[in-house]
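Chemist: I'd like to ask you about the structure that follows.
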Amino acid sequence: MNPDEAEFLGEKQFISIIPTFNSGVVHLISGDVGPFRASLPTRVPLWMAINLKQQQKCKIQHPEWMNVDQLERIKEDEKKDKFFTKMPSEQYMIEAKLLLGCASDDVPKADDIRTIIKDIWDIRMAKLRSSVNNVLKSADSYAEFKNLTVMEINSIRPILPHALDQIYRMKINKHQGAQSTTLSTPFRTSTSFSNLS
Amino acid sequence: MYSLTDTENLLLSSDEEEDVQLTPAEVIEMMEGAWINEKFAPEILPHRSEIVDCLLAQVTSMEENIQGLDSSDFKKSIHQLEVDRLRFLVSSYLRTRLEKIECYSTHILKEEAERSRRGEESYLSEQESVFARNFSQGLEFYFDKLLNFYPGLPTESWSSRIIEPNLHSFIFVKSKTDVEGVIIDDGTDGDDLADFRAGTPILISYNSVSGLVKKGDVNLI
(Lines give C-alpha, C1' and ligand atoms only; values in the text may rest on other atoms or scores of the structure.)
Protein backbone atom coordinates (compact mmCIF):
# COMPACT_ATOMS: atom_id res chain seq x y z
CA MET A 1 0.00 0.00 0.00
CA ASN A 2 1.42 3.36 -0.83
CA PRO A 3 0.85 6.42 1.36
CA ASP A 4 -1.83 7.75 -0.99
CA GLU A 5 -3.91 4.66 -0.47
CA ALA A 6 -3.50 4.91 3.29
CA GLU A 7 -4.64 8.50 2.97
CA PHE A 8 -7.60 7.43 0.87
CA LEU A 9 -8.76 5.15 3.69
CA GLY A 10 -8.14 7.79 6.31
CA GLU A 11 -10.27 10.32 4.49
CA LYS A 12 -13.52 8.62 5.39
CA GLN A 13 -13.08 9.71 9.00
CA PHE A 14 -15.70 12.22 10.09
CA ILE A 15 -14.76 15.74 11.06
CA SER A 16 -16.69 18.77 12.17
CA ILE A 17 -17.02 21.77 9.85
CA ILE A 18 -18.69 25.15 10.04
CA PRO A 19 -20.27 25.78 6.64
CA THR A 20 -20.65 29.24 5.19
CA PHE A 21 -23.67 28.32 3.09
CA ASN A 22 -27.15 26.92 3.53
CA SER A 23 -28.23 23.63 2.06
CA GLY A 24 -30.42 20.67 2.76
CA VAL A 25 -29.29 17.14 3.47
CA VAL A 26 -26.94 15.62 0.89
CA HIS A 27 -27.71 11.96 0.26
CA LEU A 28 -24.34 10.37 -0.25
CA ILE A 29 -24.08 6.67 -0.97
CA SER A 30 -22.12 6.29 2.25
CA GLY A 31 -24.88 7.99 4.21
CA ASP A 32 -26.60 11.35 4.59
CA VAL A 33 -24.70 14.45 5.60
CA GLY A 34 -26.05 17.82 6.58
CA PRO A 35 -28.28 19.79 6.62
CA PHE A 36 -25.91 22.71 6.31
CA ARG A 37 -26.75 25.93 8.10
CA ALA A 38 -24.28 28.76 7.87
CA SER A 39 -22.17 28.97 11.05
CA LEU A 40 -23.73 25.87 12.62
CA PRO A 41 -21.23 23.01 12.95
CA THR A 42 -22.02 19.72 11.25
CA ARG A 43 -20.08 16.51 10.71
CA VAL A 44 -18.91 15.37 7.29
CA PRO A 45 -16.28 12.92 5.98
CA LEU A 46 -12.78 14.34 5.79
CA TRP A 47 -12.61 14.18 1.98
CA MET A 48 -15.75 16.26 1.73
CA ALA A 49 -14.51 18.76 4.30
CA ILE A 50 -11.34 19.25 2.29
CA ASN A 51 -13.26 19.68 -0.94
CA LEU A 52 -15.53 22.28 0.62
CA LYS A 53 -12.59 24.02 2.23
CA GLN A 54 -10.85 24.28 -1.11
CA GLN A 55 -13.94 25.97 -2.46
CA GLN A 56 -13.91 28.32 0.54
CA LYS A 57 -17.28 27.02 1.59
CA CYS A 58 -16.47 26.07 5.16
CA LYS A 59 -14.16 26.33 8.12
CA ILE A 60 -12.82 23.06 9.44
CA GLN A 61 -12.93 22.51 13.18
CA HIS A 62 -9.71 20.79 14.08
CA PRO A 63 -9.99 17.53 16.03
CA GLU A 64 -9.88 17.87 19.78
CA TRP A 65 -6.43 16.35 20.13
CA MET A 66 -4.90 18.78 17.69
CA ASN A 67 -3.77 21.40 20.18
CA VAL A 68 -0.35 22.24 21.49
CA ASP A 69 -0.95 21.29 25.13
CA GLN A 70 -2.29 17.85 24.48
CA LEU A 71 0.29 17.05 21.83
CA GLU A 72 3.11 18.13 24.17
CA ARG A 73 1.72 15.71 26.74
CA ILE A 74 1.58 12.91 24.19
CA LYS A 75 5.13 13.67 23.17
CA GLU A 76 6.36 13.47 26.78
CA ASP A 77 4.52 10.18 27.31
CA GLU A 78 5.94 8.81 24.11
CA LYS A 79 9.43 9.77 25.25
CA LYS A 80 9.06 8.20 28.69
CA ASP A 81 7.35 4.99 27.64
CA LYS A 82 9.45 2.16 26.31
CA PHE A 83 6.57 0.93 24.18
CA PHE A 84 4.31 2.67 21.71
CA THR A 85 1.67 4.76 23.41
CA LYS A 86 -1.86 4.95 22.15
CA MET A 87 -2.31 7.78 19.69
CA PRO A 88 -5.39 10.00 19.93
CA SER A 89 -6.39 8.90 16.46
CA GLU A 90 -5.53 5.86 14.39
CA GLN A 91 -4.96 8.22 11.47
CA TYR A 92 -3.20 10.98 13.34
CA MET A 93 -0.52 11.44 10.72
CA ILE A 94 -2.96 11.49 7.83
CA GLU A 95 -5.34 13.90 9.52
CA ALA A 96 -2.50 16.18 10.52
CA LYS A 97 -1.03 16.21 7.04
CA LEU A 98 -4.33 16.89 5.31
CA LEU A 99 -5.61 19.49 7.74
CA LEU A 100 -2.36 21.37 8.11
CA GLY A 101 -1.96 21.19 4.38
CA CYS A 102 -5.24 22.71 3.28
CA ALA A 103 -6.72 24.33 6.37
CA SER A 104 -3.77 25.61 8.35
CA ASP A 105 -5.61 28.90 8.87
CA ASP A 106 -8.31 27.03 10.81
CA VAL A 107 -5.84 25.43 13.23
CA PRO A 108 -4.40 27.74 15.88
CA LYS A 109 -0.60 27.57 16.12
CA ALA A 110 -0.42 25.35 13.07
CA ASP A 111 3.35 25.61 12.81
CA ASP A 112 3.92 24.53 16.41
CA ILE A 113 1.55 21.62 15.95
CA ARG A 114 3.34 20.56 12.80
CA THR A 115 6.67 20.50 14.66
CA ILE A 116 5.32 18.55 17.63
CA ILE A 117 3.62 15.96 15.45
CA LYS A 118 6.81 15.54 13.49
CA ASP A 119 8.68 15.06 16.80
CA ILE A 120 6.18 12.43 17.93
CA TRP A 121 6.51 10.69 14.59
CA ASP A 122 10.31 10.71 14.87
CA ILE A 123 10.28 9.28 18.39
CA ARG A 124 7.93 6.53 17.27
CA MET A 125 9.97 5.76 14.19
CA ALA A 126 13.11 5.42 16.31
CA LYS A 127 11.26 2.94 18.56
CA LEU A 128 9.97 1.15 15.52
CA ARG A 129 13.44 0.77 14.05
CA SER A 130 14.79 -0.74 17.25
CA SER A 131 11.84 -3.12 17.53
CA VAL A 132 12.33 -4.17 13.92
CA ASN A 133 15.91 -4.91 14.85
CA ASN A 134 14.74 -7.03 17.77
CA VAL A 135 12.27 -8.96 15.66
CA LEU A 136 14.95 -9.74 13.09
CA LYS A 137 17.49 -10.76 15.71
CA SER A 138 15.13 -13.12 17.47
CA ALA A 139 13.93 -14.38 14.07
CA ASP A 140 10.51 -15.05 15.51
CA SER A 141 7.59 -15.96 13.35
CA TYR A 142 5.27 -13.77 15.28
CA ALA A 143 5.36 -10.22 16.54
CA GLU A 144 2.83 -7.88 18.08
CA PHE A 145 2.87 -4.17 17.36
CA LYS A 146 0.52 -2.72 19.90
CA ASN A 147 -0.75 0.79 19.17
CA LEU A 148 1.09 1.11 15.88
CA THR A 149 -0.89 3.10 13.32
CA VAL A 150 -1.45 2.23 9.68
CA MET A 151 0.93 4.83 8.32
CA GLU A 152 3.70 3.58 10.60
CA ILE A 153 3.16 -0.03 9.58
CA ASN A 154 3.36 1.14 6.00
CA SER A 155 6.76 2.64 6.59
CA ILE A 156 8.35 -0.71 7.48
CA ARG A 157 6.76 -2.45 4.56
CA PRO A 158 8.01 -4.17 2.47
CA ILE A 159 11.44 -4.32 4.14
CA LEU A 160 10.51 -6.16 7.36
CA PRO A 161 8.21 -8.82 5.86
CA HIS A 162 10.78 -9.39 3.09
CA ALA A 163 13.60 -9.88 5.53
CA LEU A 164 11.53 -12.35 7.54
CA ASP A 165 10.63 -14.22 4.35
CA GLN A 166 14.30 -14.68 3.64
CA ILE A 167 15.06 -15.77 7.19
CA TYR A 168 12.26 -18.30 6.91
CA ARG A 169 13.78 -19.71 3.73
CA MET A 170 17.11 -20.14 5.44
CA LYS A 171 15.42 -21.82 8.39
CA ILE A 172 13.54 -24.21 6.13
CA ASN A 173 16.70 -25.12 4.29
CA LYS A 174 18.53 -25.77 7.51
CA HIS A 175 15.64 -27.76 8.88
CA GLN A 176 15.37 -29.97 5.85
CA GLY A 177 19.08 -30.53 5.76
CA ALA A 178 20.68 -30.76 2.39
CA GLN A 179 17.35 -31.30 0.68
CA SER A 180 16.75 -28.38 -1.56
CA THR A 181 13.39 -26.76 -1.27
CA THR A 182 11.53 -25.42 -4.19
CA LEU A 183 11.23 -21.74 -3.90
CA SER A 184 7.85 -20.46 -4.67
CA THR A 185 7.57 -17.23 -6.57
CA PRO A 186 11.05 -17.31 -8.01
CA PHE A 187 11.15 -13.78 -9.28
CA ARG A 188 9.51 -11.94 -6.46
CA THR A 189 10.23 -12.37 -2.79
CA SER A 190 7.07 -10.94 -1.40
CA THR A 191 3.70 -11.13 -2.95
CA SER A 192 2.49 -7.78 -1.85
CA PHE A 193 0.59 -6.66 -4.90
CA SER A 194 0.41 -3.19 -3.57
CA ASN A 195 3.96 -2.47 -4.56
CA LEU A 196 3.56 -3.23 -8.21
CA SER A 197 3.66 -0.24 -10.40
CA MET B 1 -34.37 16.85 -5.91
CA TYR B 2 -34.12 13.13 -5.83
CA SER B 3 -34.04 10.59 -3.14
CA LEU B 4 -32.21 7.42 -2.52
CA THR B 5 -34.85 5.87 -0.35
CA ASP B 6 -35.54 3.12 -2.85
CA THR B 7 -31.94 2.03 -2.74
CA GLU B 8 -31.29 2.96 0.86
CA ASN B 9 -31.87 -0.52 2.16
CA LEU B 10 -31.03 -3.26 -0.21
CA LEU B 11 -31.10 -6.94 0.01
CA LEU B 12 -27.92 -8.81 -0.39
CA SER B 13 -27.92 -12.56 -0.21
CA SER B 14 -24.70 -13.73 1.30
CA ASP B 15 -25.64 -17.31 2.02
CA GLU B 16 -28.17 -19.53 0.34
CA GLU B 17 -30.95 -18.96 2.81
CA GLU B 18 -29.81 -16.11 4.92
CA ASP B 19 -30.70 -12.70 3.58
CA VAL B 20 -28.82 -9.90 5.24
CA GLN B 21 -30.04 -6.34 5.30
CA LEU B 22 -27.17 -4.03 4.54
CA THR B 23 -26.98 -0.31 4.19
CA PRO B 24 -24.83 1.12 1.39
CA ALA B 25 -22.39 2.36 4.03
CA GLU B 26 -21.87 -1.19 5.22
CA VAL B 27 -21.37 -2.38 1.66
CA ILE B 28 -18.66 0.23 1.19
CA GLU B 29 -16.99 -0.88 4.39
CA MET B 30 -17.02 -4.49 3.23
CA MET B 31 -15.58 -3.43 -0.10
CA GLU B 32 -12.75 -1.58 1.64
CA GLY B 33 -12.03 -4.63 3.75
CA ALA B 34 -12.02 -6.90 0.71
CA TRP B 35 -9.74 -4.48 -1.15
CA ILE B 36 -7.13 -4.37 1.60
CA ASN B 37 -7.26 -8.12 2.16
CA GLU B 38 -6.81 -8.77 -1.54
CA LYS B 39 -3.95 -6.30 -1.66
CA PHE B 40 -1.94 -7.98 1.05
CA ALA B 41 -2.84 -11.64 0.71
CA PRO B 42 -0.26 -13.50 -1.35
CA GLU B 43 -2.85 -15.81 -2.94
CA ILE B 44 -6.13 -14.99 -4.60
CA LEU B 45 -9.02 -14.85 -2.14
CA PRO B 46 -12.60 -16.01 -2.72
CA HIS B 47 -14.25 -13.47 -4.99
CA ARG B 48 -16.68 -10.94 -3.53
CA SER B 49 -18.49 -10.08 -6.73
CA GLU B 50 -21.75 -9.73 -4.81
CA ILE B 51 -20.33 -6.66 -3.07
CA VAL B 52 -18.80 -5.35 -6.29
CA ASP B 53 -22.09 -5.69 -8.18
CA CYS B 54 -24.04 -4.11 -5.37
CA LEU B 55 -21.70 -1.16 -5.10
CA LEU B 56 -21.53 -0.65 -8.85
CA ALA B 57 -25.33 -0.60 -9.01
CA GLN B 58 -25.31 2.14 -6.38
CA VAL B 59 -22.68 4.11 -8.23
CA THR B 60 -24.48 3.82 -11.56
CA SER B 61 -27.80 4.94 -10.15
CA MET B 62 -26.06 7.84 -8.45
CA GLU B 63 -24.41 8.82 -11.70
CA GLU B 64 -27.80 8.87 -13.38
CA ASN B 65 -29.16 10.99 -10.58
CA ILE B 66 -26.46 13.61 -10.71
CA GLN B 67 -26.80 14.07 -14.45
CA GLY B 68 -30.01 15.90 -13.76
CA LEU B 69 -28.32 18.30 -11.36
CA ASP B 70 -27.29 21.79 -12.33
CA SER B 71 -23.54 21.83 -12.76
CA SER B 72 -23.22 24.96 -10.63
CA ASP B 73 -24.77 23.09 -7.73
CA PHE B 74 -22.14 22.30 -5.12
CA LYS B 75 -23.86 18.99 -4.48
CA LYS B 76 -22.94 17.80 -7.92
CA SER B 77 -19.22 18.06 -7.30
CA ILE B 78 -19.57 16.35 -3.95
CA HIS B 79 -21.54 13.48 -5.45
CA GLN B 80 -19.12 13.25 -8.34
CA LEU B 81 -16.23 13.08 -5.93
CA GLU B 82 -17.82 10.29 -3.98
CA VAL B 83 -18.62 8.35 -7.14
CA ASP B 84 -15.01 8.70 -8.28
CA ARG B 85 -13.73 7.49 -4.93
CA LEU B 86 -15.93 4.42 -5.03
CA ARG B 87 -15.01 3.68 -8.63
CA PHE B 88 -11.35 3.83 -7.66
CA LEU B 89 -11.99 1.40 -4.81
CA VAL B 90 -13.75 -1.13 -7.02
CA SER B 91 -11.33 -0.92 -9.92
CA SER B 92 -8.28 -1.15 -7.70
CA TYR B 93 -9.78 -4.28 -6.13
CA LEU B 94 -10.53 -5.90 -9.48
CA ARG B 95 -7.17 -4.91 -10.90
CA THR B 96 -5.32 -6.48 -7.98
CA ARG B 97 -7.15 -9.72 -8.64
CA LEU B 98 -6.32 -9.60 -12.34
CA GLU B 99 -2.66 -9.07 -11.53
CA LYS B 100 -2.73 -12.15 -9.35
CA ILE B 101 -4.50 -14.16 -12.04
CA GLU B 102 -1.92 -13.13 -14.62
CA CYS B 103 0.93 -13.96 -12.29
CA TYR B 104 -0.34 -17.32 -11.09
CA SER B 105 -2.68 -18.33 -13.91
CA THR B 106 -1.62 -21.99 -14.10
CA HIS B 107 -1.60 -22.42 -10.36
CA ILE B 108 -4.98 -20.76 -9.90
CA LEU B 109 -6.61 -22.81 -12.65
CA LYS B 110 -5.25 -25.97 -11.10
CA GLU B 111 -6.65 -24.99 -7.70
CA GLU B 112 -9.99 -24.07 -9.25
CA ALA B 113 -10.24 -27.46 -10.97
CA GLU B 114 -9.44 -29.09 -7.64
CA ARG B 115 -12.10 -27.06 -5.87
CA SER B 116 -14.81 -27.83 -8.42
CA ARG B 117 -13.91 -31.52 -8.18
CA ARG B 118 -14.47 -31.35 -4.43
CA GLY B 119 -17.66 -29.43 -5.01
CA GLU B 120 -16.44 -26.30 -3.26
CA GLU B 121 -17.20 -22.76 -4.24
CA SER B 122 -15.03 -21.26 -6.89
CA TYR B 123 -12.66 -18.47 -5.84
CA LEU B 124 -12.87 -16.74 -9.21
CA SER B 125 -15.96 -15.02 -10.47
CA GLU B 126 -17.35 -16.16 -13.81
CA GLN B 127 -15.70 -13.44 -15.87
CA GLU B 128 -12.46 -13.93 -14.00
CA SER B 129 -12.34 -17.64 -14.80
CA VAL B 130 -12.97 -16.94 -18.48
CA PHE B 131 -10.12 -14.45 -18.39
CA ALA B 132 -7.84 -16.87 -16.53
CA ARG B 133 -8.46 -19.63 -19.06
CA ASN B 134 -7.91 -17.36 -22.04
CA PHE B 135 -4.80 -15.90 -20.53
CA SER B 136 -3.38 -19.29 -19.71
CA GLN B 137 -4.09 -20.63 -23.20
CA GLY B 138 -2.51 -17.60 -24.79
CA LEU B 139 0.55 -17.98 -22.63
CA GLU B 140 0.93 -21.66 -23.46
CA PHE B 141 0.49 -21.00 -27.16
CA TYR B 142 3.10 -18.27 -27.03
CA PHE B 143 5.65 -20.34 -25.14
CA ASP B 144 5.21 -23.32 -27.45
CA LYS B 145 5.64 -21.11 -30.50
CA LEU B 146 8.70 -19.55 -29.01
CA LEU B 147 10.29 -22.89 -28.18
CA ASN B 148 10.05 -23.88 -31.84
CA PHE B 149 12.78 -21.38 -32.53
CA TYR B 150 15.14 -23.20 -30.21
CA PRO B 151 14.96 -26.84 -31.22
CA GLY B 152 17.45 -28.07 -28.64
CA LEU B 153 15.47 -27.03 -25.58
CA PRO B 154 13.35 -29.50 -23.64
CA THR B 155 9.76 -28.51 -24.33
CA GLU B 156 8.11 -29.64 -21.13
CA SER B 157 10.37 -27.90 -18.64
CA TRP B 158 8.50 -24.61 -18.50
CA SER B 159 5.08 -26.13 -18.02
CA SER B 160 6.22 -28.23 -15.08
CA ARG B 161 7.53 -25.17 -13.27
CA ILE B 162 4.45 -23.48 -12.06
CA ILE B 163 4.68 -20.12 -10.37
CA GLU B 164 3.02 -20.42 -7.01
CA PRO B 165 2.28 -17.71 -4.50
CA ASN B 166 4.50 -17.74 -1.44
CA LEU B 167 1.91 -18.63 1.15
CA HIS B 168 4.41 -18.24 3.90
CA SER B 169 5.12 -14.58 3.26
CA PHE B 170 4.77 -12.36 6.29
CA ILE B 171 1.82 -10.02 6.57
CA PHE B 172 0.35 -7.63 9.09
CA VAL B 173 -3.01 -8.59 10.45
CA LYS B 174 -5.52 -7.09 12.83
CA SER B 175 -8.11 -9.26 14.49
CA LYS B 176 -11.69 -8.13 14.86
CA THR B 177 -12.23 -10.19 17.99
CA ASP B 178 -10.03 -12.01 20.45
CA VAL B 179 -8.85 -15.23 18.84
CA GLU B 180 -7.09 -17.88 20.88
CA GLY B 181 -4.70 -20.60 19.90
CA VAL B 182 -3.63 -19.68 16.39
CA ILE B 183 -0.98 -22.16 15.32
CA ILE B 184 2.17 -20.41 14.15
CA ASP B 185 3.89 -22.10 11.26
CA ASP B 186 7.54 -21.25 11.77
CA GLY B 187 9.06 -23.88 9.54
CA THR B 188 9.84 -26.34 12.30
CA ASP B 189 7.68 -29.11 13.67
CA GLY B 190 6.98 -27.42 16.98
CA ASP B 191 3.50 -26.04 17.28
CA ASP B 192 3.59 -22.61 18.82
CA LEU B 193 0.32 -21.01 19.65
CA ALA B 194 -0.55 -17.35 19.62
CA ASP B 195 -3.50 -15.45 21.01
CA PHE B 196 -4.76 -12.46 19.08
CA ARG B 197 -6.18 -9.54 20.96
CA ALA B 198 -8.75 -7.51 19.08
CA GLY B 199 -7.33 -4.46 17.34
CA THR B 200 -3.62 -5.15 17.91
CA PRO B 201 -1.50 -5.22 14.75
CA ILE B 202 0.35 -8.50 14.46
CA LEU B 203 3.09 -9.65 12.15
CA ILE B 204 2.70 -13.30 11.24
CA SER B 205 3.05 -15.61 8.27
CA TYR B 206 0.07 -15.71 5.95
CA ASN B 207 -0.56 -19.43 6.08
CA SER B 208 -1.04 -19.29 9.85
CA VAL B 209 -4.04 -17.03 9.41
CA SER B 210 -5.30 -17.74 5.87
CA GLY B 211 -8.33 -19.59 7.21
CA LEU B 212 -9.24 -16.68 9.47
CA VAL B 213 -8.81 -14.20 6.61
CA LYS B 214 -11.17 -16.15 4.35
CA LYS B 215 -13.71 -16.46 7.14
CA GLY B 216 -13.47 -12.73 7.69
CA ASP B 217 -12.44 -12.95 11.35
CA VAL B 218 -9.26 -10.99 10.84
CA ASN B 219 -8.31 -8.16 8.51
CA LEU B 220 -5.01 -7.73 6.78
CA ILE B 221 -3.55 -4.27 7.17
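Here's how to read the names in the C-alpha coordinates: chain A, B, ... by the order shown, residue numbers from 1 in each chain, ligand numbers from 1 in the order shown.
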Residues within 9 Å of Asp217 of chain B, please, as a PDB file with all heavy atoms, in the first residue's frame. Count only C-alpha atoms; anything in the same chain fewer than 6 positions from it doesn't count.

Modeler:
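Resulting contents of out.pdb:
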```pdb
ATOM      1  N   SER B 175      -6.952  -8.412  14.239  1.00  0.00           N
ATOM      2  CA  SER B 175      -8.107  -9.257  14.493  1.00  0.00           C
ATOM      3  C   SER B 175      -9.307  -8.413  14.911  1.00  0.00           C
ATOM      4  O   SER B 175      -9.171  -7.412  15.590  1.00  0.00           O
ATOM      5  CB  SER B 175      -7.766 -10.256  15.593  1.00  0.00           C
ATOM      6  OG  SER B 175      -8.863 -11.083  15.837  1.00  0.00           O
ATOM      7  N   LYS B 176     -10.495  -8.860  14.465  1.00  0.00           N
ATOM      8  CA  LYS B 176     -11.694  -8.127  14.861  1.00  0.00           C
ATOM      9  C   LYS B 176     -12.112  -8.491  16.284  1.00  0.00           C
ATOM     10  O   LYS B 176     -12.673  -7.687  17.005  1.00  0.00           O
ATOM     11  CB  LYS B 176     -12.843  -8.462  13.912  1.00  0.00           C
ATOM     12  CG  LYS B 176     -12.702  -7.811  12.555  1.00  0.00           C
ATOM     13  CD  LYS B 176     -13.874  -8.229  11.679  1.00  0.00           C
ATOM     14  CE  LYS B 176     -13.579  -7.929  10.226  1.00  0.00           C
ATOM     15  NZ  LYS B 176     -14.474  -8.655   9.332  1.00  0.00           N
ATOM     16  N   THR B 177     -11.881  -9.736  16.645  1.00  0.00           N
ATOM     17  CA  THR B 177     -12.232 -10.186  17.986  1.00  0.00           C
ATOM     18  C   THR B 177     -11.012 -10.896  18.588  1.00  0.00           C
ATOM     19  O   THR B 177     -10.023 -11.110  17.900  1.00  0.00           O
ATOM     20  CB  THR B 177     -13.391 -11.192  17.938  1.00  0.00           C
ATOM     21  OG1 THR B 177     -13.049 -12.199  16.978  1.00  0.00           O
ATOM     22  CG2 THR B 177     -14.688 -10.531  17.553  1.00  0.00           C
ATOM     23  N   VAL B 179      -8.935 -13.866  19.358  1.00  0.00           N
ATOM     24  CA  VAL B 179      -8.846 -15.229  18.843  1.00  0.00           C
ATOM     25  C   VAL B 179      -7.765 -15.944  19.630  1.00  0.00           C
ATOM     26  O   VAL B 179      -6.683 -15.394  19.829  1.00  0.00           O
ATOM     27  CB  VAL B 179      -8.475 -15.246  17.343  1.00  0.00           C
ATOM     28  CG1 VAL B 179      -8.499 -16.667  16.809  1.00  0.00           C
ATOM     29  CG2 VAL B 179      -9.401 -14.357  16.547  1.00  0.00           C
ATOM     30  N   GLY B 211      -6.966 -19.169   6.939  1.00  0.00           N
ATOM     31  CA  GLY B 211      -8.335 -19.591   7.209  1.00  0.00           C
ATOM     32  C   GLY B 211      -9.163 -18.475   7.834  1.00  0.00           C
ATOM     33  O   GLY B 211     -10.303 -18.227   7.451  1.00  0.00           O
TER      34      GLY B 211
END
```

Chemist: Would you mind listing, as a list in words, all residues of chain B that have at least one atom within 6 Å of chain A, where only C-alpha atoms are what counts?

Modeler: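 My answer is Pro24, Ala25, Lys39, Phe40, Pro42, Ile163, Glu164, Pro165, Asn166, Ser169, Phe170, Asp186, Gly187, Thr200, Pro201, Ile202, Leu203 and Ile204 of chain B.
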
Chemist: Determine, counting only C-alpha atoms, which protein, DNA and RNA residues have an atom within 8 Å of an atom of Val52 of chain B; residues of the same chain fewer than 3 positions away are not included. Present the result as a VMD selection string.

Modeler: chain B and resid 31 48 to 49 55 to 56 90

Chemist: Any chance you can output those residues with N, CA and C atoms as a PDB file, in the first residue's frame?

Modeler:
```
ATOM      1  N   MET B  31     -16.406  -3.554   1.098  1.00  0.00           N
ATOM      2  CA  MET B  31     -15.576  -3.429  -0.101  1.00  0.00           C
ATOM      3  C   MET B  31     -14.165  -2.992   0.280  1.00  0.00           C
ATOM      4  N   ARG B  48     -15.572 -11.595  -4.214  1.00  0.00           N
ATOM      5  CA  ARG B  48     -16.683 -10.941  -3.532  1.00  0.00           C
ATOM      6  C   ARG B  48     -17.508 -10.174  -4.554  1.00  0.00           C
ATOM      7  N   SER B  49     -17.820 -10.828  -5.665  1.00  0.00           N
ATOM      8  CA  SER B  49     -18.489 -10.081  -6.734  1.00  0.00           C
ATOM      9  C   SER B  49     -19.863  -9.592  -6.303  1.00  0.00           C
ATOM     10  N   LEU B  55     -22.255  -2.503  -5.171  1.00  0.00           N
ATOM     11  CA  LEU B  55     -21.703  -1.157  -5.096  1.00  0.00           C
ATOM     12  C   LEU B  55     -21.766  -0.467  -6.460  1.00  0.00           C
ATOM     13  N   LEU B  56     -21.487  -1.238  -7.515  1.00  0.00           N
ATOM     14  CA  LEU B  56     -21.526  -0.646  -8.849  1.00  0.00           C
ATOM     15  C   LEU B  56     -22.945  -0.207  -9.196  1.00  0.00           C
ATOM     16  N   VAL B  90     -13.352   0.090  -6.331  1.00  0.00           N
ATOM     17  CA  VAL B  90     -13.746  -1.132  -7.018  1.00  0.00           C
ATOM     18  C   VAL B  90     -12.709  -1.508  -8.073  1.00  0.00           C
TER      19      VAL B  90
END
```

Chemist: From the list B:Arg133, B:Arg87, B:Arg115, B:His47, which residue is nearest Met62 of chain B when using only C-alpha atoms?

Modeler: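 Using only C-alpha atoms, the shortest distance to Met62 of chain B belongs to B:Arg87.
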
Chemist: Near Gln61 of chain A, within 9 Å and counting only C-alpha atoms, which residues show up once chain neighbours fewer than 5 positions away are dropped, as a PyMOL selection string?

Modeler: chain A and resi 15-18+41+106-107

Chemist: Please save N, CA, C and O atoms of the selected residues as a JSON list (two decimals), in the first residue's frame.

Modeler:
```json
[["chain", "number", "residue", "atom", "x", "y", "z"],
["A", 15, "ILE", "N", -15.33, 14.57, 10.42],
["A", 15, "ILE", "CA", -14.76, 15.74, 11.06],
["A", 15, "ILE", "C", -15.82, 16.83, 11.08],
["A", 15, "ILE", "O", -16.74, 16.82, 10.26],
["A", 16, "SER", "N", -15.68, 17.73, 12.02],
["A", 16, "SER", "CA", -16.69, 18.77, 12.17],
["A", 16, "SER", "C", -16.32, 20.01, 11.37],
["A", 16, "SER", "O", -15.18, 20.45, 11.39],
["A", 17, "ILE", "N", -17.29, 20.55, 10.61],
["A", 17, "ILE", "CA", -17.02, 21.77, 9.85],
["A", 17, "ILE", "C", -18.06, 22.83, 10.18],
["A", 17, "ILE", "O", -19.16, 22.51, 10.66],
["A", 18, "ILE", "N", -17.72, 24.08, 9.93],
["A", 18, "ILE", "CA", -18.69, 25.15, 10.04],
["A", 18, "ILE", "C", -18.93, 25.69, 8.63],
["A", 18, "ILE", "O", -18.06, 26.37, 8.08],
["A", 41, "PRO", "N", -22.12, 24.13, 13.27],
["A", 41, "PRO", "CA", -21.23, 23.01, 12.95],
["A", 41, "PRO", "C", -22.00, 21.74, 12.56],
["A", 41, "PRO", "O", -23.07, 21.47, 13.10],
["A", 106, "ASP", "N", -7.27, 27.38, 9.85],
["A", 106, "ASP", "CA", -8.31, 27.03, 10.81],
["A", 106, "ASP", "C", -7.75, 26.40, 12.08],
["A", 106, "ASP", "O", -8.47, 26.13, 13.03],
["A", 107, "VAL", "N", -6.46, 26.07, 12.06],
["A", 107, "VAL", "CA", -5.84, 25.43, 13.23],
["A", 107, "VAL", "C", -4.96, 26.46, 13.92],
["A", 107, "VAL", "O", -4.03, 26.97, 13.32]]
```

Chemist: Nearest to Leu71 of chain A: which of A:Phe84, A:Leu98, A:Cys58, A:Ile117 is it, counting only C-alpha atoms?

Modeler: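 Selected residue with least distance to Leu71 of chain A: A:Ile117.
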
Chemist: Give the helix (DSSP H, G or I) residues of segment 2-185 of chain A, as assigned by DSSP on the backbone, as a ChimeraX atom specification.

Modeler: /A:3-10,46-54,68-80,92-102,104-106,110-138,150-155,159-175

Chemist: Quick one: residues within 10 Å of Glu32 of chain B, only C-alpha atoms, excluding same-chain residues fewer than 2 positions away - as a list in words?

Modeler: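 The contact residues come out as Leu9 of chain A; Glu26, Val27, Ile28, Glu29, Met30, Ala34, Trp35, Ile36, Asn37, Glu38, Leu86, Leu89, Val90 and Tyr93 of chain B.
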